[in-house]
Amino acid sequence: MATLLARLEAAHPLDRIADALRRAALATAGRGRLGALLHGVGFGHPLHPAIVQFPVGAWMSTAVLDALPGRDTPGSRRAAATLLAAGTAGALPATVTGLADYATLSRQQRRVAVVHVAANLTALGCFAASIVARARGDHRRGRALSFAGLGAAGAGAYLGGHLAFAQDAGVSHAAAALPLVPHGWHRIDAVYAIEEGRVCSYTVGATPVVVYRDRHNGADRFSALVARCAHRSGPLAEGHMVDVDGEACLQCPWHGSVFRLSDGRAMHGPASSDQTMLRTRVRDGQLEVARP
């Protein structure tokens with residue numbers, strides 16, 4: 001299976017289809033405030049993995065009812081058909097949020113994702129055909145189509161897991177850099193050397209960090225963010241400051257994700273995860289940072 005997945009990741013012939021799907025995703029669900037909402041900006045992580053639980057759960061429940069000894073009773077048939085229809089209807093929001101995520105993927109990830117999409121479309125076709133067969137009274141055929149659809153959905157879910165866990169799609173790269181910060185408090189710089197209203201770059205252990213100093217309620221306030229963008233590990237220290245709704249923010253130079261400097265909140269995607277923060281304190285005129 002690992003060899004098959006490696007070949008899939010390197011399958012250049014899929015690029016034409018994958019790129020066309022990306023253009024469609026950007027045109028429908030991948031841009032602007034709607035795209036950010038569907039991707040999960042403001043929620044802390046992508047919405048698609050959470051929303052997809054409903055249709056998958058309904059389809060699996062249908063399969064359980066279809067496998068029980070009393071599956072041919074009117075009540076069992078009605079319950080299975082209801083769950084099947086609910087799961088198929090619930091696939092719409094799952095599909096839309098998936099398109100928003102798809103628009104943020106790299107080319108190698110898109111090769112796997114386009115097969116993930118194909119598997120799920122095959123599953124939807126089987127489930128829709130199963131609904132029609134059951135409505136016509138052909139419950140045996142309806143059950144067979146449902147089981148086929150569940151198999152295709154399982155294959156799609158496997159590829160989705162590969163995207164998330166092996167290819168880092170949707171994970172926070174900033175959080176992955178946090179364990180590289182040694183335990184305990186670490187001196188960053190003298191307070192007087194950190195200019196107010198500007199982003200300063202440092203390294204703590206093997207982790208790049210950006211520090212921002214501003215005034216809040218008449219007192220100095222310091223914030224320290226891991227300087228690897230949560231989206232694709234872009235160098236935030238090379239980004240530039242932007243203003244969003246009167247708040248000082250930092251924009252990643254690679255893909256344009258914007259994070260609020262005061263608390264690391266993701267203001268604009270493609271990042272959906274907030275930027276990982278370090279604790280700060282001032283001691284003997286020195287700014288110190290530590291893991292949360």
# chains A, B, ... in the order shown; residues from 1 in each chain; ligands from 1
>>> residues_around(residues="His173 in chain A", least_positions_apart="5", cutoff="12 Å", atoms="only C-alpha atoms", output="ChimeraX atom specification")
/A:167-168,178-179,207,226-236,271-276
>>> select_by_dssp(residues="range 136-259 of chain A", states="strand (DSSP E)", output="MDAnalysis selection string")
chainID A and resid 186:190 199:204 207:216 219:226 240:244 247:251 258:259
>>> residues_around(residues="range 138-154 of chain A", least_positions_apart="6", cutoff="6 Å", atoms="only C-alpha atoms", output="PyMOL selection string")
chain A and resi 119-120+123+126-127+130
>>> atom_distance(atom1="CA of Ala135 in chain A", atom2="CA of His116 in chain A")
28.9 Å
>>> residues_around(residues="range 53-70 of chain A", least_positions_apart="3", cutoff="8 Å", atoms="only C-alpha atoms", output="ChimeraX atom specification")
/A:49-50,73,76-77,79-81,83-84,86-91,143,146-147,150,153
>>> write_last_selection(atoms="N, CA and C atoms", output="PDB file, in the first residue's frame")
ATOM      1  N   PRO A  49     -13.013  17.711   8.177  1.00  0.00           N
ATOM      2  CA  PRO A  49     -12.940  16.441   8.922  1.00  0.00           C
ATOM      3  C   PRO A  49     -14.051  16.285   9.956  1.00  0.00           C
ATOM      4  N   ALA A  50     -14.536  17.403  10.500  1.00  0.00           N
ATOM      5  CA  ALA A  50     -15.615  17.305  11.489  1.00  0.00           C
ATOM      6  C   ALA A  50     -16.967  17.086  10.818  1.00  0.00           C
ATOM      7  N   THR A  73     -38.027  -6.264   7.541  1.00  0.00           N
ATOM      8  CA  THR A  73     -39.270  -5.772   8.131  1.00  0.00           C
ATOM      9  C   THR A  73     -39.500  -4.333   7.647  1.00  0.00           C
ATOM     10  N   SER A  76     -37.480  -1.673   9.645  1.00  0.00           N
ATOM     11  CA  SER A  76     -36.044  -1.669   9.389  1.00  0.00           C
ATOM     12  C   SER A  76     -35.737  -1.072   8.021  1.00  0.00           C
ATOM     13  N   ARG A  77     -36.537  -1.427   7.021  1.00  0.00           N
ATOM     14  CA  ARG A  77     -36.330  -0.870   5.675  1.00  0.00           C
ATOM     15  C   ARG A  77     -36.500   0.643   5.681  1.00  0.00           C
ATOM     16  N   ALA A  79     -36.181   2.698   8.278  1.00  0.00           N
ATOM     17  CA  ALA A  79     -35.092   3.331   9.027  1.00  0.00           C
ATOM     18  C   ALA A  79     -33.810   3.382   8.197  1.00  0.00           C
ATOM     19  N   ALA A  80     -33.498   2.280   7.495  1.00  0.00           N
ATOM     20  CA  ALA A  80     -32.291   2.241   6.666  1.00  0.00           C
ATOM     21  C   ALA A  80     -32.369   3.270   5.538  1.00  0.00           C
ATOM     22  N   ALA A  81     -33.542   3.367   4.903  1.00  0.00           N
ATOM     23  CA  ALA A  81     -33.707   4.326   3.810  1.00  0.00           C
ATOM     24  C   ALA A  81     -33.592   5.761   4.313  1.00  0.00           C
ATOM     25  N   LEU A  83     -31.890   6.836   7.007  1.00  0.00           N
ATOM     26  CA  LEU A  83     -30.482   7.110   7.309  1.00  0.00           C
ATOM     27  C   LEU A  83     -29.674   7.303   6.035  1.00  0.00           C
ATOM     28  N   LEU A  84     -29.944   6.488   5.033  1.00  0.00           N
ATOM     29  CA  LEU A  84     -29.225   6.591   3.766  1.00  0.00           C
ATOM     30  C   LEU A  84     -29.468   7.952   3.115  1.00  0.00           C
ATOM     31  N   ALA A  86     -30.463  10.729   4.636  1.00  0.00           N
ATOM     32  CA  ALA A  86     -29.883  11.792   5.465  1.00  0.00           C
ATOM     33  C   ALA A  86     -28.374  11.897   5.250  1.00  0.00           C
ATOM     34  N   GLY A  87     -27.705  10.748   5.183  1.00  0.00           N
ATOM     35  CA  GLY A  87     -26.263  10.767   4.951  1.00  0.00           C
ATOM     36  C   GLY A  87     -25.904  11.336   3.598  1.00  0.00           C
ATOM     37  N   THR A  88     -26.687  10.993   2.581  1.00  0.00           N
ATOM     38  CA  THR A  88     -26.417  11.493   1.236  1.00  0.00           C
ATOM     39  C   THR A  88     -26.649  12.999   1.163  1.00  0.00           C
ATOM     40  N   ALA A  89     -27.691  13.492   1.839  1.00  0.00           N
ATOM     41  CA  ALA A  89     -27.924  14.940   1.891  1.00  0.00           C
ATOM     42  C   ALA A  89     -26.805  15.638   2.663  1.00  0.00           C
ATOM     43  N   GLY A  90     -26.322  14.991   3.729  1.00  0.00           N
ATOM     44  CA  GLY A  90     -25.247  15.575   4.529  1.00  0.00           C
ATOM     45  C   GLY A  90     -23.913  15.617   3.820  1.00  0.00           C
ATOM     46  N   ALA A  91     -23.820  14.912   2.683  1.00  0.00           N
ATOM     47  CA  ALA A  91     -22.577  14.940   1.917  1.00  0.00           C
ATOM     48  C   ALA A  91     -22.362  16.286   1.237  1.00  0.00           C
ATOM     49  N   ARG A 143     -29.487  -2.659  -0.995  1.00  0.00           N
ATOM     50  CA  ARG A 143     -28.480  -2.993   0.017  1.00  0.00           C
ATOM     51  C   ARG A 143     -27.120  -3.222  -0.621  1.00  0.00           C
ATOM     52  N   SER A 146     -25.558   0.042  -1.445  1.00  0.00           N
ATOM     53  CA  SER A 146     -25.111   0.738  -0.237  1.00  0.00           C
ATOM     54  C   SER A 146     -23.779   0.187   0.256  1.00  0.00           C
ATOM     55  N   PHE A 147     -23.647  -1.139   0.255  1.00  0.00           N
ATOM     56  CA  PHE A 147     -22.382  -1.733   0.685  1.00  0.00           C
ATOM     57  C   PHE A 147     -21.248  -1.340  -0.265  1.00  0.00           C
ATOM     58  N   LEU A 150     -20.310   2.191   0.580  1.00  0.00           N
ATOM     59  CA  LEU A 150     -19.541   2.281   1.818  1.00  0.00           C
ATOM     60  C   LEU A 150     -18.091   1.866   1.576  1.00  0.00           C
ATOM     61  N   ALA A 153     -16.461   4.822  -0.108  1.00  0.00           N
ATOM     62  CA  ALA A 153     -16.262   5.882   0.883  1.00  0.00           C
ATOM     63  C   ALA A 153     -15.108   5.541   1.827  1.00  0.00           C
TER      64      ALA A 153
END
>>> residues_around(residues="His12 in chain A", least_positions_apart="2", cutoff="12 Å", atoms="only C-alpha atoms", output="list in words")
Ala6, Arg7, Leu8, Glu9, Ala10, Leu14, Asp15, Arg16, Ile17, Ala18, Asp19, Arg107, Gln108, Gln109, Arg110, Arg111 and Val112 of chain A
>>> closest_residue(among="A:Gly246, A:Gly42, A:Gly35, A:Gly75", to="Val96 in chain A", atoms="only C-alpha atoms")
A:Gly35
>>> closest_residue(among="A:Met1, A:Ala237, A:Ile194, A:Ala113", to="Asp214 in chain A", atoms="only C-alpha atoms")
A:Ile194
>>> residues_around(residues="Leu278 in chain A", least_positions_apart="2", cutoff="6 Å", atoms="only C-alpha atoms", output="PyMOL selection string")
chain A and resi 224+290-292
>>> residues_around(residues="range 247-250 of chain A", least_positions_apart="5", cutoff="8 Å", atoms="only C-alpha atoms", output="number ranges by chain")
A: 236, 239-242, 258-262
>>> closest_residue(among="A:Arg71, A:His186, A:Arg281, A:Arg31", to="Asp220 in chain A", atoms="only C-alpha atoms")
A:Arg281
>>> atom_distance(atom1="CA of Glu238 in chain A", atom2="CA of Cys252 in chain A")
7.5 Å
>>> select_by_dssp(residues="range 109-249 of chain A", states="helix (DSSP H, G or I)", output="number ranges by chain")
A: 109-135, 139-166, 173-180, 191-193, 236-238
>>> atom_distance(atom1="CA of Ala174 in chain A", atom2="CA of His45 in chain A")
12.8 Å
